[in-house]
$ cat run_5.pdb   # PDB, C-alpha atoms
MODEL        1
ATOM      1  CA  MET A   1      -4.283   5.037  -2.008
ATOM      2  CA  VAL A   2      -4.089   3.367   1.372
ATOM      3  CA  LEU A   3      -0.745   2.449   2.900
ATOM      4  CA  VAL A   4      -0.646  -0.068   5.758
ATOM      5  CA  VAL A   5       2.479  -0.045   7.934
ATOM      6  CA  ASN A   6       3.792  -3.208   9.602
ATOM      7  CA  MET A   7       3.890  -1.941  13.191
ATOM      8  CA  ASP A   8       5.508  -5.146  14.479
ATOM      9  CA  LEU A   9       8.881  -4.064  13.064
ATOM     10  CA  GLY A  10       9.323  -1.114  15.433
ATOM     11  CA  MET A  11      10.568   1.188  12.667
ATOM     12  CA  GLY A  12      11.480   4.768  13.503
ATOM     13  CA  VAL A  13       9.483   7.687  12.124
ATOM     14  CA  GLY A  14      11.970   8.400   9.341
ATOM     15  CA  LYS A  15      12.128   4.747   8.329
ATOM     16  CA  ILE A  16       8.330   4.552   8.189
ATOM     17  CA  ALA A  17       8.229   7.702   6.063
ATOM     18  CA  ALA A  18      10.759   6.239   3.622
ATOM     19  CA  GLN A  19       8.946   2.898   3.426
ATOM     20  CA  VAL A  20       5.584   4.605   2.834
ATOM     21  CA  GLY A  21       7.270   6.548   0.027
ATOM     22  CA  HIS A  22       8.588   3.313  -1.488
ATOM     23  CA  ALA A  23       5.098   1.791  -1.314
ATOM     24  CA  ALA A  24       3.406   4.783  -2.940
ATOM     25  CA  VAL A  25       5.932   4.967  -5.776
ATOM     26  CA  GLY A  26       5.961   1.182  -6.231
ATOM     27  CA  LEU A  27       2.186   0.984  -6.525
ATOM     28  CA  TYR A  28       2.042   3.986  -8.857
ATOM     29  CA  GLN A  29       4.633   2.338 -11.115
ATOM     30  CA  ALA A  30       2.720  -0.955 -11.022
ATOM     31  CA  LEU A  31      -0.437   0.892 -12.069
ATOM     32  CA  GLN A  32       1.252   1.841 -15.336
ATOM     33  CA  GLU A  33       1.407  -1.829 -16.398
ATOM     34  CA  LYS A  34      -2.293  -2.299 -17.270
ATOM     35  CA  ASN A  35      -4.566   0.004 -19.245
ATOM     36  CA  SER A  36      -7.389  -0.187 -16.694
ATOM     37  CA  TRP A  37      -4.970   0.500 -13.851
ATOM     38  CA  ARG A  38      -3.332   3.340 -15.784
ATOM     39  CA  GLU A  39      -6.730   5.036 -16.001
ATOM     40  CA  MET A  40      -7.208   4.487 -12.253
ATOM     41  CA  ALA A  41      -3.825   6.121 -11.602
ATOM     42  CA  TRP A  42      -4.704   9.084 -13.825
ATOM     43  CA  LYS A  43      -8.032   9.646 -12.033
ATOM     44  CA  TRP A  44      -6.345   9.355  -8.628
ATOM     45  CA  ASP A  45      -3.552  11.728  -9.640
ATOM     46  CA  HIS A  46      -5.969  14.323 -11.009
ATOM     47  CA  SER A  47      -8.291  14.228  -7.997
ATOM     48  CA  GLY A  48      -5.697  15.144  -5.369
ATOM     49  CA  ALA A  49      -3.696  11.895  -5.064
ATOM     50  CA  LYS A  50      -5.171  11.142  -1.626
ATOM     51  CA  LYS A  51      -3.046   8.930   0.602
ATOM     52  CA  VAL A  52      -4.112   7.448   3.940
ATOM     53  CA  VAL A  53      -1.574   5.735   6.215
ATOM     54  CA  LEU A  54      -2.882   3.050   8.564
ATOM     55  CA  GLN A  55      -1.497   0.668  11.178
ATOM     56  CA  GLY A  56      -1.105  -3.016  10.374
ATOM     57  CA  THR A  57      -0.337  -5.560  13.082
ATOM     58  CA  ASN A  58       2.399  -7.697  11.521
ATOM     59  CA  VAL A  59       3.478  -9.352   8.272
ATOM     60  CA  ALA A  60       0.730 -11.983   8.491
ATOM     61  CA  HIS A  61      -1.822  -9.183   8.763
ATOM     62  CA  LEU A  62      -0.369  -7.376   5.718
ATOM     63  CA  LEU A  63      -0.450 -10.612   3.699
ATOM     64  CA  GLU A  64      -4.067 -11.236   4.749
ATOM     65  CA  LEU A  65      -5.043  -7.715   3.679
ATOM     66  CA  GLN A  66      -3.190  -8.130   0.384
ATOM     67  CA  ALA A  67      -4.979 -11.414  -0.343
ATOM     68  CA  LEU A  68      -8.364  -9.816   0.355
ATOM     69  CA  ALA A  69      -7.516  -6.799  -1.830
ATOM     70  CA  LEU A  70      -6.388  -9.049  -4.681
ATOM     71  CA  SER A  71      -9.579 -11.110  -4.388
ATOM     72  CA  LEU A  72     -11.465  -7.840  -5.000
ATOM     73  CA  ASN A  73      -9.225  -7.083  -8.024
ATOM     74  CA  LEU A  74      -7.578  -4.147  -6.263
ATOM     75  CA  PRO A  75      -3.973  -3.400  -7.243
ATOM     76  CA  THR A  76      -1.445  -3.762  -4.424
ATOM     77  CA  TYR A  77       2.263  -3.336  -3.812
ATOM     78  CA  LEU A  78       4.130  -4.826  -0.845
ATOM     79  CA  VAL A  79       7.506  -3.318   0.056
ATOM     80  CA  GLN A  80      10.320  -5.694   0.982
ATOM     81  CA  ASP A  81      13.164  -3.830   2.649
ATOM     82  CA  ALA A  82      16.780  -4.194   1.546
ATOM     83  CA  GLY A  83      17.863  -4.489   5.182
ATOM     84  CA  LEU A  84      20.517  -1.781   5.131
ATOM     85  CA  THR A  85      19.324   0.117   8.220
ATOM     86  CA  GLN A  86      16.702  -0.732  10.844
ATOM     87  CA  VAL A  87      15.088  -3.991   9.745
ATOM     88  CA  GLU A  88      16.282  -7.324   8.371
ATOM     89  CA  SER A  89      16.614  -7.856   4.637
ATOM     90  CA  GLY A  90      13.348  -9.032   3.110
ATOM     91  CA  SER A  91      11.179  -7.573   5.871
ATOM     92  CA  ARG A  92       7.760  -6.635   4.534
ATOM     93  CA  THR A  93       7.248  -3.093   5.740
ATOM     94  CA  VAL A  94       4.284  -1.434   3.989
ATOM     95  CA  LEU A  95       1.355  -2.611   1.879
ATOM     96  CA  ALA A  96      -0.131  -0.141  -0.620
ATOM     97  CA  ILE A  97      -3.656  -0.642  -1.993
ATOM     98  CA  MET A  98      -5.470   1.369  -4.666
ATOM     99  CA  GLY A  99      -9.063   1.417  -5.818
ATOM    100  CA  ALA A 100     -12.457   2.942  -5.292
ATOM    101  CA  GLU A 101     -12.755   4.177  -1.712
ATOM    102  CA  GLU A 102     -15.702   1.892  -0.941
ATOM    103  CA  MET A 103     -13.783  -1.157  -2.181
ATOM    104  CA  VAL A 104     -10.586  -0.301  -0.320
ATOM    105  CA  ASN A 105     -12.639   0.331   2.835
ATOM    106  CA  ASN A 106     -13.850  -3.279   2.581
ATOM    107  CA  VAL A 107     -10.217  -4.276   3.129
ATOM    108  CA  THR A 108      -8.840  -1.608   5.490
ATOM    109  CA  GLY A 109     -11.871   0.212   6.920
ATOM    110  CA  SER A 110     -11.386  -1.169  10.445
ATOM    111  CA  LEU A 111      -7.716  -0.143  10.777
ATOM    112  CA  LYS A 112      -6.461   2.799  12.842
ATOM    113  CA  LEU A 113      -4.700   5.805  11.378
ATOM    114  CA  LEU A 114      -0.971   5.927  11.994
TER
ENDMDL
END
$ encode --input "run_5.pdb" --output "structure tokens"
Amino acid sequence: MVLVVNMDLGMGVGKIAAQVGHAAVGLYQALQEKNSWREMAWKWDHSGAKKVVLQGTNVAHLLELQALALSLNLPTYLVQDAGLTQVESGSRTVLAIMGAEEMVNNVTGSLKLL
């Protein structure tokens, strides 16, 4: 699982941690909706549940990455914040992507670690 943080929002460390958590849980829940994705989730869960957190530029960048991931049939989940603390309601904070490492690297391989 790769999680791409919208760095344009200037979120604090704790806020980023919470949003990454929302993205991971949201994607995991979404994976339960399709049989093929459920199997992917099971394999991921039973092989260490690897998570990599990367830096995204802004919301346009996250949407571009999501579109590319979806075109490759990779499951995604994009967090929209409730706006109760540091960012405005509806802000897109973190994009989560799941799939074979080689496929996900086609989408996020050039991004920097957070």
$ residues_near_point --input "run_5.pdb" --point "(-2.4, -2.0, -6.8)" --cutoff "6 Å" --atoms "all atoms listed in the file" --output "list in words"
Leu27, Leu74, Pro75, Thr76, Tyr77, Ile97 and Met98 of chain A
$ closest_residue --input "run_5.pdb" --among "A:Gln80, A:Thr85, A:Gln32, A:Gln66" --to "Asn106 (chain A)" --atoms "all atoms listed in the file"
A:Gln66
$ atom_distance --input "run_5.pdb" --atom1 "CA of Gly10 (chain A)" --atom2 "CA of Ala23 (chain A)"
17.5 Å
$ closest_residue --input "run_5.pdb" --among "A:Leu3, A:Val107, A:Lys15, A:Leu31" --to "Leu84 (chain A)" --atoms "all atoms listed in the file"
A:Lys15
$ closest_residue --input "run_5.pdb" --among "A:Ala96, A:Gly83, A:Asn105, A:Leu70" --to "Gln29 (chain A)" --atoms "only C-alpha atoms"
A:Ala96
$ closest_residue --input "run_5.pdb" --among "A:Val5, A:Ala60, A:Val94, A:Ala82" --to "Gly26 (chain A)" --atoms "all atoms listed in the file"
A:Val94
$ atom_distance --input "run_5.pdb" --atom1 "CA of Leu95 (chain A)" --atom2 "CA of Gly14 (chain A)"
17.0 Å
$ resolve_selection --input "run_5.pdb" --expression "the PyMOL selection byres ((chain A and resi 11) around 12)" --output "number ranges by chain"
A: 5-10, 12-20, 81, 83, 85-88, 91-94
$ closest_residue --input "run_5.pdb" --among "A:Met103, A:Leu78, A:Ala30, A:Ala24" --to "Lys50 (chain A)" --atoms "only C-alpha atoms"
A:Ala24
$ closest_residue --input "run_5.pdb" --among "A:Val104, A:Asp45, A:His61, A:Leu54" --to "Asn73 (chain A)" --atoms "all atoms listed in the file"
A:Val104
$ atom_distance --input "run_5.pdb" --atom1 "CA of Glu33 (chain A)" --atom2 "CA of Val53 (chain A)"
24.0 Å
$ axis_aligned_box --input "run_5.pdb" --around "region 31-40 of chain A" --padding-each-side "5 Å" --output "AutoDock Vina command-line options"
--center_x -3.0 --center_y 1.4 --center_z -15.7 --size_x 18.8 --size_y 17.3 --size_z 17.2
$ decode --input "run_5.pdb" --residues "chain A" --atoms "C-alpha atoms" --output "mmCIF file, in the first residue's frame"
data_model
loop_
_atom_site.group_PDB
_atom_site.id
_atom_site.type_symbol
_atom_site.label_atom_id
_atom_site.label_comp_id
_atom_site.auth_asym_id
_atom_site.auth_seq_id
_atom_site.Cartn_x
_atom_site.Cartn_y
_atom_site.Cartn_z
ATOM 1 C CA MET A 1 0.000 0.000 0.000
ATOM 2 C CA VAL A 2 1.310 3.403 -0.979
ATOM 3 C CA LEU A 3 -0.027 6.547 0.661
ATOM 4 C CA VAL A 4 0.576 9.910 -1.024
ATOM 5 C CA VAL A 5 0.255 12.997 1.183
ATOM 6 C CA ASN A 6 -0.936 16.341 -0.198
ATOM 7 C CA MET A 7 2.005 18.483 0.927
ATOM 8 C CA ASP A 8 0.369 21.706 -0.292
ATOM 9 C CA LEU A 9 -1.951 21.725 2.736
ATOM 10 C CA GLY A 10 0.811 22.327 5.289
ATOM 11 C CA MET A 11 -0.598 19.765 7.727
ATOM 12 C CA GLY A 12 1.191 19.145 11.007
ATOM 13 C CA VAL A 13 2.842 15.810 11.756
ATOM 14 C CA GLY A 14 -0.061 14.561 13.865
ATOM 15 C CA LYS A 15 -2.611 15.586 11.249
ATOM 16 C CA ILE A 16 -0.644 13.788 8.532
ATOM 17 C CA ALA A 17 -0.451 10.675 10.706
ATOM 18 C CA ALA A 18 -4.219 10.720 11.255
ATOM 19 C CA GLN A 19 -4.956 11.284 7.564
ATOM 20 C CA VAL A 20 -2.605 8.463 6.525
ATOM 21 C CA GLY A 21 -4.468 6.245 8.997
ATOM 22 C CA HIS A 22 -7.803 7.242 7.454
ATOM 23 C CA ALA A 23 -6.453 6.444 3.980
ATOM 24 C CA ALA A 24 -5.104 3.033 4.980
ATOM 25 C CA VAL A 25 -8.324 2.010 6.724
ATOM 26 C CA GLY A 26 -10.495 3.453 3.943
ATOM 27 C CA LEU A 27 -8.646 1.552 1.233
ATOM 28 C CA TYR A 28 -8.637 -1.665 3.264
ATOM 29 C CA GLN A 29 -12.409 -1.368 3.724
ATOM 30 C CA ALA A 30 -12.875 -0.658 0.010
ATOM 31 C CA LEU A 31 -10.872 -3.788 -0.802
ATOM 32 C CA GLN A 32 -13.527 -5.885 0.923
ATOM 33 C CA GLU A 33 -16.117 -4.891 -1.710
ATOM 34 C CA LYS A 34 -14.825 -7.062 -4.588
ATOM 35 C CA ASN A 35 -13.713 -10.686 -4.501
ATOM 36 C CA SER A 36 -10.517 -10.013 -6.461
ATOM 37 C CA TRP A 37 -9.671 -7.069 -4.220
ATOM 38 C CA ARG A 38 -10.489 -9.075 -1.089
ATOM 39 C CA GLU A 39 -7.874 -11.626 -2.148
ATOM 40 C CA MET A 40 -5.391 -8.789 -2.742
ATOM 41 C CA ALA A 41 -6.079 -7.475 0.770
ATOM 42 C CA TRP A 42 -5.600 -10.938 2.278
ATOM 43 C CA LYS A 43 -2.251 -11.423 0.503
ATOM 44 C CA TRP A 44 -1.096 -7.945 1.550
ATOM 45 C CA ASP A 45 -2.189 -8.499 5.150
ATOM 46 C CA HIS A 46 -0.452 -11.874 5.376
ATOM 47 C CA SER A 47 2.813 -10.665 3.841
ATOM 48 C CA GLY A 48 3.529 -7.907 6.363
ATOM 49 C CA ALA A 49 1.003 -5.219 5.336
ATOM 50 C CA LYS A 50 3.747 -2.986 3.905
ATOM 51 C CA LYS A 51 2.933 0.715 3.793
ATOM 52 C CA VAL A 52 5.022 3.406 2.099
ATOM 53 C CA VAL A 53 4.248 7.104 2.634
ATOM 54 C CA LEU A 54 5.230 9.503 -0.143
ATOM 55 C CA GLN A 55 5.007 13.224 -0.867
ATOM 56 C CA GLY A 56 2.448 14.529 -3.341
ATOM 57 C CA THR A 57 2.558 18.107 -4.598
ATOM 58 C CA ASN A 58 -1.074 19.223 -4.375
ATOM 59 C CA VAL A 59 -4.648 18.072 -4.977
ATOM 60 C CA ALA A 60 -4.232 18.174 -8.764
ATOM 61 C CA HIS A 61 -1.232 15.870 -8.420
ATOM 62 C CA LEU A 62 -3.187 13.427 -6.215
ATOM 63 C CA LEU A 63 -6.063 13.391 -8.722
ATOM 64 C CA GLU A 64 -3.622 12.770 -11.590
ATOM 65 C CA LEU A 65 -2.052 9.863 -9.697
ATOM 66 C CA GLN A 66 -5.487 8.461 -8.865
ATOM 67 C CA ALA A 67 -6.562 8.612 -12.517
ATOM 68 C CA LEU A 68 -3.397 6.797 -13.606
ATOM 69 C CA ALA A 69 -3.846 4.148 -10.890
ATOM 70 C CA LEU A 70 -7.475 3.596 -11.882
ATOM 71 C CA SER A 71 -6.480 3.280 -15.546
ATOM 72 C CA LEU A 72 -4.214 0.407 -14.437
ATOM 73 C CA ASN A 73 -7.115 -1.160 -12.472
ATOM 74 C CA LEU A 74 -5.446 -0.440 -9.136
ATOM 75 C CA PRO A 75 -7.774 0.171 -6.183
ATOM 76 C CA THR A 76 -7.520 3.639 -4.640
ATOM 77 C CA TYR A 77 -9.010 5.640 -1.797
ATOM 78 C CA LEU A 78 -8.835 9.435 -1.526
ATOM 79 C CA VAL A 79 -9.416 10.990 1.898
ATOM 80 C CA GLN A 80 -11.564 14.117 2.085
ATOM 81 C CA ASP A 81 -11.161 15.830 5.438
ATOM 82 C CA ALA A 82 -14.120 16.873 7.578
ATOM 83 C CA GLY A 83 -12.473 20.242 8.221
ATOM 84 C CA LEU A 84 -12.686 20.184 12.007
ATOM 85 C CA THR A 85 -9.035 21.049 12.705
ATOM 86 C CA GLN A 86 -6.225 22.179 10.399
ATOM 87 C CA VAL A 87 -7.633 22.122 6.870
ATOM 88 C CA GLU A 88 -10.854 23.213 5.178
ATOM 89 C CA SER A 89 -13.774 20.821 4.880
ATOM 90 C CA GLY A 90 -13.508 18.694 1.751
ATOM 91 C CA SER A 91 -9.735 19.060 1.455
ATOM 92 C CA ARG A 92 -8.220 16.014 -0.213
ATOM 93 C CA THR A 93 -5.397 15.020 2.089
ATOM 94 C CA VAL A 94 -4.061 11.541 1.244
ATOM 95 C CA LEU A 95 -4.372 9.135 -1.678
ATOM 96 C CA ALA A 96 -3.973 5.411 -0.953
ATOM 97 C CA ILE A 97 -3.128 2.961 -3.754
ATOM 98 C CA MET A 98 -2.882 -0.833 -3.595
ATOM 99 C CA GLY A 99 -1.583 -3.406 -6.030
ATOM 100 C CA ALA A 100 1.438 -5.320 -7.185
ATOM 101 C CA GLU A 101 4.581 -3.356 -6.352
ATOM 102 C CA GLU A 102 5.644 -3.095 -9.999
ATOM 103 C CA MET A 103 2.242 -1.697 -10.989
ATOM 104 C CA VAL A 104 2.079 0.799 -8.131
ATOM 105 C CA ASN A 105 5.641 1.901 -8.943
ATOM 106 C CA ASN A 106 4.392 2.830 -12.428
ATOM 107 C CA VAL A 107 2.205 5.413 -10.685
ATOM 108 C CA THR A 108 4.293 6.580 -7.708
ATOM 109 C CA GLY A 109 7.851 5.376 -8.369
ATOM 110 C CA SER A 110 9.233 8.889 -8.932
ATOM 111 C CA LEU A 111 7.873 10.382 -5.684
ATOM 112 C CA LYS A 112 9.969 11.142 -2.598
ATOM 113 C CA LEU A 113 9.473 9.468 0.754
ATOM 114 C CA LEU A 114 7.825 11.624 3.386
#
